[in-house]
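> Next comes the structure file start.txt, holding compact mmCIF, C-alpha atoms.
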# COMPACT_ATOMS: atom_id res chain seq x y z
CA MET A 19 -26.92 -21.97 65.28
CA SER A 20 -23.39 -20.68 65.71
CA ALA A 21 -20.78 -21.44 63.11
CA SER A 22 -18.41 -24.27 63.86
CA PRO A 23 -14.79 -23.33 64.67
CA SER A 24 -13.59 -25.00 61.47
CA ALA A 25 -15.89 -22.72 59.47
CA PHE A 26 -14.30 -19.56 60.88
CA PRO A 27 -12.22 -17.88 58.14
CA TRP A 28 -8.88 -17.99 59.98
CA ARG A 29 -6.86 -18.13 56.80
CA ARG A 30 -8.47 -15.01 55.39
CA ILE A 31 -7.99 -13.14 58.65
CA LEU A 32 -4.34 -14.17 58.89
CA PHE A 33 -3.73 -13.27 55.25
CA PHE A 34 -5.36 -9.86 55.69
CA SER A 35 -3.42 -9.25 58.92
CA PHE A 36 -0.04 -10.12 57.37
CA SER A 37 -0.82 -8.06 54.28
CA LEU A 38 -1.79 -5.08 56.40
CA LEU A 39 1.35 -5.49 58.50
CA VAL A 40 3.58 -5.53 55.38
CA THR A 41 1.94 -2.38 54.01
CA VAL A 42 2.10 -0.49 57.32
CA VAL A 43 5.71 -1.43 58.10
CA VAL A 44 7.00 -0.65 54.62
CA PHE A 45 5.27 2.71 54.27
CA ARG A 46 6.06 3.77 57.82
CA THR A 47 9.73 3.12 57.03
CA LEU A 48 9.58 4.89 53.68
CA PHE A 49 7.96 7.99 55.14
CA THR A 50 10.85 8.44 57.53
CA LYS A 51 12.86 9.37 54.41
CA VAL A 52 10.35 11.64 52.65
CA SER A 53 7.15 13.57 53.27
CA TRP A 54 3.95 13.77 51.26
CA ASP A 55 5.03 17.25 50.15
CA ASP A 56 8.15 15.77 48.53
CA ILE A 57 6.06 13.28 46.57
CA VAL A 58 3.41 15.81 45.56
CA ASN A 59 6.09 18.25 44.40
CA MET A 60 7.74 15.54 42.31
CA ILE A 61 4.43 14.73 40.64
CA GLN A 62 3.56 18.39 40.06
CA GLU A 63 6.86 18.98 38.25
CA ILE A 64 6.47 15.91 36.01
CA ASP A 65 7.70 16.16 32.41
CA PHE A 66 4.60 15.53 30.26
CA ARG A 67 6.66 14.76 27.17
CA TRP A 68 7.89 11.59 28.83
CA VAL A 69 4.37 10.89 30.11
CA GLY A 70 3.32 10.76 26.46
CA VAL A 71 6.07 8.21 25.76
CA PHE A 72 4.82 6.19 28.75
CA LEU A 73 1.26 6.16 27.37
CA LEU A 74 2.45 5.20 23.90
CA PHE A 75 4.48 2.18 25.05
CA SER A 76 1.69 1.17 27.43
CA LEU A 77 -0.78 1.09 24.53
CA PHE A 78 1.63 -0.95 22.38
CA GLN A 79 2.01 -3.44 25.23
CA LEU A 80 -1.75 -3.94 25.53
CA ILE A 81 -2.14 -4.39 21.77
CA LEU A 82 0.67 -6.97 21.70
CA ARG A 83 -0.83 -8.88 24.64
CA THR A 84 -4.18 -8.97 22.83
CA PHE A 85 -2.48 -10.24 19.67
CA ARG A 86 -0.68 -12.99 21.62
CA TYR A 87 -3.82 -14.24 23.41
CA GLY A 88 -5.76 -14.13 20.14
CA MET A 89 -3.04 -16.10 18.36
CA VAL A 90 -3.30 -19.02 20.81
CA LEU A 91 -7.10 -18.89 20.94
CA ARG A 92 -7.36 -19.00 17.15
CA ALA A 93 -4.93 -21.91 17.06
CA SER A 94 -7.33 -23.69 19.43
CA GLY A 95 -10.25 -23.15 17.07
CA GLU A 96 -11.74 -20.09 18.77
CA ASN A 97 -12.43 -16.74 17.11
CA PRO A 98 -12.60 -14.03 19.82
CA PRO A 99 -13.69 -10.51 18.81
CA GLY A 100 -10.59 -8.32 18.81
CA PHE A 101 -11.86 -5.26 20.69
CA ALA A 102 -13.60 -7.32 23.37
CA LEU A 103 -10.42 -9.35 23.90
CA PHE A 104 -8.49 -6.07 24.18
CA LEU A 105 -10.87 -4.95 26.94
CA VAL A 106 -10.32 -8.27 28.76
CA VAL A 107 -6.56 -7.73 28.58
CA VAL A 108 -6.91 -4.23 30.07
CA VAL A 109 -9.06 -5.53 32.97
CA ARG A 110 -6.58 -8.35 33.53
CA GLY A 111 -3.82 -5.76 33.97
CA LEU A 112 -5.83 -3.99 36.67
CA CYS A 113 -6.46 -7.22 38.60
CA VAL A 114 -2.81 -8.34 38.37
CA ASP A 115 -1.75 -5.08 40.05
CA MET A 116 -4.37 -5.30 42.79
CA LEU A 117 -4.13 -8.97 43.82
CA PRO A 118 -1.11 -10.73 45.42
CA ALA A 119 1.00 -13.50 43.87
CA ARG A 120 -0.33 -12.53 40.41
CA ALA A 121 -3.68 -14.13 41.29
CA GLY A 122 -5.28 -11.42 39.17
CA GLU A 123 -4.05 -13.29 36.09
CA LEU A 124 -6.91 -15.75 36.62
CA VAL A 125 -9.53 -13.08 35.90
CA TYR A 126 -8.56 -13.45 32.24
CA ILE A 127 -9.93 -17.02 32.18
CA PHE A 128 -13.14 -15.96 33.90
CA LEU A 129 -13.77 -13.03 31.53
CA VAL A 130 -13.06 -14.83 28.26
CA ARG A 131 -15.36 -17.61 29.44
CA THR A 132 -18.25 -15.51 30.68
CA ARG A 133 -18.04 -12.53 28.31
CA LEU A 134 -16.56 -13.99 25.13
CA GLY A 135 -17.91 -17.56 25.32
CA ILE A 136 -14.48 -19.18 24.91
CA ASP A 137 -14.06 -22.88 25.70
CA LEU A 138 -12.44 -23.52 29.09
CA GLY A 139 -9.62 -25.57 27.61
CA ALA A 140 -8.71 -22.93 25.04
CA ALA A 141 -8.99 -20.14 27.63
CA THR A 142 -6.76 -21.95 30.11
CA ALA A 143 -4.23 -22.95 27.43
CA SER A 144 -3.88 -19.36 26.22
CA PHE A 145 -3.54 -18.14 29.80
CA ALA A 146 -0.91 -20.75 30.69
CA LEU A 147 1.19 -20.22 27.57
CA ALA A 148 1.10 -16.43 27.90
CA PHE A 149 2.07 -16.64 31.57
CA LEU A 150 4.98 -19.03 30.96
CA PHE A 151 6.28 -17.15 27.93
CA ASP A 152 6.20 -13.94 29.97
CA ILE A 153 8.59 -15.61 32.43
CA LEU A 154 10.66 -17.07 29.60
CA ALA A 155 11.04 -13.64 27.96
CA LEU A 156 12.18 -12.11 31.26
CA GLY A 157 15.27 -14.34 31.38
CA PRO A 158 17.13 -12.86 28.38
CA LEU A 159 16.28 -9.33 29.51
CA VAL A 160 17.70 -9.95 33.00
CA ILE A 161 20.89 -11.34 31.43
CA LEU A 162 21.11 -8.30 29.12
CA GLY A 163 20.54 -5.95 32.05
CA ALA A 164 23.27 -7.66 34.06
CA TRP A 165 25.69 -7.33 31.16
CA ALA A 166 24.82 -3.63 30.68
CA MET A 167 25.37 -2.88 34.38
CA GLY A 168 28.68 -4.72 34.47
CA GLY A 169 28.48 -5.58 38.17
CA GLU A 170 28.54 -1.97 39.33
CA GLN A 171 27.18 -0.69 42.63
CA GLY A 172 27.78 -3.98 44.42
CA PHE A 173 25.54 -6.07 42.15
CA SER A 174 27.08 -9.37 41.14
CA THR A 175 26.87 -9.96 37.40
CA PRO A 176 27.15 -13.78 37.78
CA VAL A 177 24.25 -13.76 40.26
CA LEU A 178 22.03 -11.72 37.95
CA VAL A 179 22.99 -13.83 34.93
CA GLY A 180 22.34 -16.97 36.97
CA GLY A 181 18.89 -15.62 37.86
CA GLY A 182 18.15 -15.00 34.20
CA VAL A 183 19.29 -18.49 33.22
CA PHE A 184 17.19 -19.96 36.04
CA LEU A 185 14.07 -18.19 34.74
CA LEU A 186 14.82 -19.47 31.24
CA LEU A 187 15.29 -23.09 32.32
CA VAL A 188 12.29 -23.20 34.66
CA SER A 189 9.89 -21.65 32.15
CA LEU A 190 11.17 -23.86 29.30
CA GLY A 191 10.82 -26.92 31.51
CA LEU A 192 7.25 -26.03 32.42
CA ILE A 193 6.31 -25.36 28.79
CA VAL A 194 7.71 -28.74 27.71
CA ALA A 195 6.10 -30.57 30.65
CA MET A 196 2.59 -29.14 30.29
CA VAL A 197 1.22 -31.68 27.79
CA PRO A 198 2.57 -34.88 29.47
CA VAL A 199 1.60 -33.63 32.95
CA LEU A 200 -1.97 -32.97 31.80
CA LYS A 201 -2.12 -36.41 30.18
CA TRP A 202 -0.88 -38.03 33.39
CA GLY A 203 -3.35 -36.01 35.49
CA SER A 204 -6.28 -37.07 33.32
CA ARG A 205 -5.31 -40.74 33.67
CA LEU A 206 -4.85 -40.33 37.43
CA PHE A 207 -8.43 -39.15 38.01
CA GLN A 208 -10.08 -41.31 35.33
CA PRO A 209 -10.94 -44.19 37.74
CA TRP A 210 -13.00 -41.78 39.88
CA ALA A 211 -14.63 -40.34 36.75
CA ASP A 212 -15.60 -43.87 35.68
CA LYS A 213 -17.32 -44.32 39.05
CA GLY A 214 -19.54 -41.32 38.35
CA LYS A 215 -17.70 -38.72 40.44
CA LYS A 216 -18.59 -35.37 38.88
CA TRP A 217 -15.52 -33.55 40.21
CA ALA A 218 -13.21 -36.18 38.71
CA ALA A 219 -15.06 -36.12 35.39
CA PHE A 220 -14.71 -32.33 35.31
CA LEU A 221 -10.96 -32.51 36.02
CA CYS A 222 -10.40 -35.15 33.33
CA THR A 223 -12.47 -33.26 30.75
CA THR A 224 -10.74 -29.98 31.54
CA ALA A 225 -7.25 -31.52 31.43
CA ASP A 226 -8.00 -33.18 28.08
CA SER A 227 -9.42 -29.95 26.68
CA ILE A 228 -6.38 -27.91 27.74
CA ARG A 229 -4.02 -30.57 26.39
CA GLU A 230 -5.84 -30.62 23.04
CA SER A 231 -5.55 -26.83 22.77
CA LEU A 232 -1.84 -26.98 23.59
CA LEU A 233 -1.27 -29.68 20.99
CA LEU A 234 -3.06 -27.58 18.38
CA ALA A 235 -0.83 -24.63 19.24
CA LYS A 236 2.22 -26.90 18.96
CA GLU A 237 1.08 -28.22 15.58
CA LYS A 238 0.85 -24.67 14.27
CA LYS A 239 4.43 -24.03 15.44
CA LEU A 240 3.69 -20.99 17.58
CA PHE A 241 6.79 -21.22 19.79
CA TRP A 242 8.86 -18.56 18.06
CA LYS A 243 5.86 -16.30 17.48
CA LEU A 244 4.97 -16.54 21.16
CA LEU A 245 8.57 -15.93 22.23
CA SER A 246 9.08 -12.92 19.94
CA SER A 247 5.75 -11.35 20.90
CA SER A 248 6.50 -11.97 24.60
CA LEU A 249 9.90 -10.29 24.27
CA LEU A 250 8.26 -7.29 22.58
CA ILE A 251 5.63 -7.15 25.32
CA ARG A 252 8.35 -7.08 27.99
CA VAL A 253 10.32 -4.42 26.13
CA CYS A 254 7.22 -2.22 25.77
CA LYS A 255 6.21 -2.77 29.38
CA TYR A 256 9.55 -1.77 30.90
CA SER A 257 10.06 0.99 28.35
CA SER A 258 6.76 2.53 29.44
CA LEU A 259 7.68 2.28 33.13
CA TYR A 260 11.15 3.68 32.44
CA ALA A 261 9.64 6.61 30.52
CA LEU A 262 7.47 7.43 33.54
CA MET A 263 10.56 7.27 35.78
CA LEU A 264 12.30 9.75 33.47
CA ALA A 265 9.22 11.97 33.53
CA LEU A 266 9.62 12.22 37.31
CA LEU A 267 13.44 12.46 37.36
CA MET A 268 14.18 14.82 34.46
CA PRO A 269 12.88 17.93 36.29
CA LEU A 270 15.33 17.09 39.12
CA GLY A 271 18.31 17.31 36.76
CA PHE A 272 18.70 13.61 35.96
CA THR A 273 19.65 12.45 32.50
CA ILE A 274 19.34 9.11 30.70
CA SER A 275 22.97 8.37 31.59
CA SER A 276 22.50 9.13 35.30
CA ALA A 277 19.26 7.14 35.38
CA ALA A 278 20.42 4.38 33.04
CA PRO A 279 17.82 1.97 31.56
CA ALA A 280 19.64 -1.09 32.97
CA LYS A 281 19.44 0.29 36.52
CA ALA A 282 15.78 1.15 36.15
CA PHE A 283 15.03 -2.29 34.70
CA ILE A 284 16.69 -4.17 37.58
CA ALA A 285 14.82 -2.02 40.12
CA LEU A 286 11.48 -2.48 38.37
CA VAL A 287 11.90 -6.25 38.00
CA SER A 288 12.93 -6.55 41.66
CA GLY A 289 9.79 -4.71 42.76
CA GLU A 290 7.64 -6.81 40.44
CA LEU A 291 9.05 -10.09 41.75
CA ALA A 292 8.52 -8.94 45.34
CA ALA A 293 4.90 -8.08 44.52
CA SER A 294 4.45 -11.63 43.17
CA LEU A 295 4.96 -13.10 46.63
CA PRO A 296 1.89 -14.60 48.36
CA VAL A 297 1.94 -11.83 51.00
CA SER A 298 3.02 -8.55 49.45
CA GLY A 299 0.76 -5.98 51.09
CA LEU A 300 -2.80 -4.75 50.78
CA GLY A 301 -3.86 -4.05 47.21
CA GLY A 302 -0.33 -4.77 46.01
CA PHE A 303 1.17 -1.94 48.08
CA GLY A 304 4.11 -2.73 50.32
CA ALA A 305 6.67 -5.25 49.12
CA TYR A 306 6.93 -3.62 45.67
CA GLU A 307 7.72 -0.16 47.04
CA GLY A 308 10.11 -1.40 49.72
CA THR A 309 12.07 -3.62 47.35
CA MET A 310 12.27 -1.09 44.53
CA THR A 311 13.47 1.65 46.89
CA PHE A 312 16.09 -0.66 48.39
CA VAL A 313 17.43 -1.63 44.95
CA LEU A 314 17.50 1.99 43.73
CA VAL A 315 19.57 2.97 46.79
CA LEU A 316 21.95 0.09 46.08
CA LEU A 317 22.25 1.39 42.53
CA GLY A 318 23.44 4.79 43.75
CA PHE A 319 20.29 6.87 44.17
CA ALA A 320 19.95 9.06 47.25
CA GLU A 321 17.54 7.61 49.79
CA ASP A 322 15.09 10.51 49.64
CA THR A 323 15.07 10.58 45.83
CA ALA A 324 14.68 6.80 45.54
CA THR A 325 11.83 6.78 48.07
CA ALA A 326 9.92 9.67 46.53
CA LEU A 327 10.43 8.26 43.03
CA THR A 328 9.17 4.81 44.00
CA ILE A 329 6.04 6.05 45.75
CA ALA A 330 5.19 8.62 43.06
CA HIS A 331 5.88 6.15 40.24
CA ARG A 332 3.88 3.34 41.81
CA GLY A 333 1.02 5.66 42.70
CA LEU A 334 0.75 7.05 39.17
CA THR A 335 0.88 3.63 37.51
CA GLN A 336 -1.79 2.29 39.88
CA ILE A 337 -4.10 5.25 39.29
CA TYR A 338 -3.58 4.94 35.54
CA GLY A 339 -4.25 1.17 35.64
CA LEU A 340 -7.30 1.65 37.87
CA LEU A 341 -8.93 4.27 35.62
CA LEU A 342 -8.13 2.33 32.45
CA GLY A 343 -9.18 -1.03 33.91
CA LEU A 344 -12.48 0.20 35.35
CA SER A 345 -13.33 1.94 32.07
CA ALA A 346 -12.63 -1.29 30.17
CA LEU A 347 -14.68 -3.31 32.66
CA LEU A 348 -17.68 -1.01 32.30
CA LEU A 349 -17.50 -1.34 28.51
CA LEU A 350 -17.08 -5.10 28.77
CA MET A 351 -20.24 -5.38 30.88
CA LEU A 352 -22.36 -3.94 28.05
CA PRO A 353 -24.75 -6.55 26.57
CA VAL A 354 -23.14 -6.19 23.15
CA PHE A 355 -19.98 -7.89 24.42
CA ARG A 356 -21.72 -10.82 26.11
CA ARG A 357 -21.39 -13.98 24.05
CA GLY A 358 -21.12 -16.55 26.83
CA ASP A 359 -24.83 -17.18 27.39
CA ASP A 360 -25.75 -17.71 23.76
CA ASP A 361 -25.12 -21.43 24.01
CA GLY A 362 -24.48 -21.71 27.73
CA SER A 363 -20.86 -22.56 27.15
CA ALA A 364 -19.52 -19.93 29.48
CA VAL A 365 -21.45 -21.05 32.51
CA ASN A 366 -19.71 -23.81 34.37
CA ALA A 367 -22.91 -25.39 35.65
CA ASP A 368 -21.55 -28.94 35.71
CA VAL A 369 -18.80 -28.19 38.18
CA PRO A 370 -19.82 -29.54 41.59
CA GLY A 371 -19.73 -27.00 44.37
CA GLN A 372 -18.98 -24.03 42.13
CA ASP A 373 -21.03 -21.00 41.29
CA VAL A 374 -19.33 -19.06 38.53
In structure tokens, how does this file's structure come out?


Amino acid sequence: MSASPSAFPWRRILFFSFSLLVTVVVFRTLFTKVSWDDIVNMIQEIDFRWVGVFLLFSLFQLILRTFRYGMVLRASGENPPGFALFLVVVVRGLCVDMLPARAGELVYIFLVRTRLGIDLGAATASFALAFLFDILALGPLVILGAWAMGGEQGFSTPVLVGGGVFLLLVSLGLIVAMVPVLKWGSRLFQPWADKGKKWAAFLCTTADSIRESLLLAKEKKLFWKLLSSSLLIRVCKYSSLYALMLALLMPLGFTISSAAPAKAFIALVSGELAASLPVSGLGGFGAYEGTMTFVLVLLGFAEDTATALTIAHRGLTQIYGLLLGLSALLLLMLPVFRRGDDDGSAVNADVPGQDV
């Protein structure tokens, strides 16, 4: 029997086609400015002292992310093993880079459920709070970057400051609204749950569990701890990426003043936001590179230097993330780290139509 037309995966085909188109168009444009030899030469001449700084800040970032997730999970009554949670955080970083619209963030929930045996509500609450505080922490840094740049190179300081304020307000609003929205959602689907609908019962139970975890975190007054740790995570993240940029630029005669941190930060954030779009290219390649190159040129870099820097920088960070993430995943798959099946809590067998 042939598949019905409605069963044909049109959405997946269209998504793949648009993603492929973005990647091809962006890289075809970029390679009119540079050649592979330019990029290879830039990488071969890299300053390994700054590579060491990159690795150091990258490690600090991962440790801080692990601490932040663990803080929320412990506030929810869970006690995740530290090293296993660290491995989950490393794998999460790999998936975030490889999947569009930051869909890779969701792998964190799956892994802490299936490998660490964490309750779904606590896992989702820690994911949601970390995600929102990441956005919240970005706001002050964008405002600081705008102030440091002073509106040079055609960038409008009020626009950048306005963007930072917008991120602050939206993330704060979402953090405040999470508990009442979950309470409202549970009440909305309760009539269907009372009629024996499994999907509705699952939604109500999950919403109540997440809300309970959030309330526990609120009772323990984690707001300032989450905000300070999120700010430190952002600082370490962009410091590591900036160090890698310097490692590539220093051999070309650049200095910290000619490749100022504020300029690098604005370019990196612009590329990151572009990569968060629903269609940003295959494997995360495309929108990030095009946007970052465009911003670097606006900030005064020569087109060929900006293009080679962006491609080399992105390629190195992706290779580093891939090797680190796959190594962590292999370790995480060892039986010693599997806690989810001990009591069956990690397997979502009651969810209708799902096979986790």

> Using all atoms listed in the file, pick whichever of A:Ser204, A:Gln62, A:Thr132, A:Ser247 has the shortest atom-to-atom distance to Tyr87 in chain A.

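Checking each candidate against Tyr87 in chain A, we get A:Ser247 as the closest.
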
> Measuring between all atoms listed in the file, which one of A:Leu38, A:Leu350, A:Glu230, A:Ile329 shows the shortest distance to Ala93 in chain A?

A:Glu230

> Point out the residue among A:Ile228, A:Leu185, A:Val52, A:Val106 with the least atom-to-atom distance to Leu134 in chain A, counting only C-alpha atoms.

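The shortest atom-to-atom distance to Leu134 in chain A comes from A:Val106.
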
> Which residues of range 219-281 of chain A come within 12 Å of range 290-312 of chain A, and for each one, what is the closest pair of atoms and their distance in Å to one decimal, counting all atoms listed in the file, sorted by chain and residue number, as CSV?


residue,atom,partner,partner_atom,distance
A:Lys255,CA,A:Glu290,CA,11.9
A:Tyr256,CA,A:Glu290,CA,11.0
A:Leu259,CA,A:Glu290,CA,11.7
A:Lys281,CA,A:Met310,CA,10.8

> So that I can see what lies close to Val197 in chain A, please list as a count of residues only the residues with an atom at most 8 Å from it, counting all atoms listed in the file and leaving out residues fewer than 3 positions away in the same chain.

6

> Can you work out the spacing between CA of Met196 in chain A and CA of Phe78 in chain A in Å, to one decimal?

29.3 Å

> In Å to one decimal, how far is CA of Leu187 in chain A from CA of Leu317 in chain A?

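Taking CA of Leu317 in chain A and CA of Leu187 in chain A, their separation equals 27.4 Å.
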
> I'd like the interatomic distance between CA of Pro158 in chain A and CA of Trp68 in chain A, to a tenth of an Å.

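Result for CA of Pro158 in chain A versus CA of Trp68 in chain A: 26.1 Å, one decimal.
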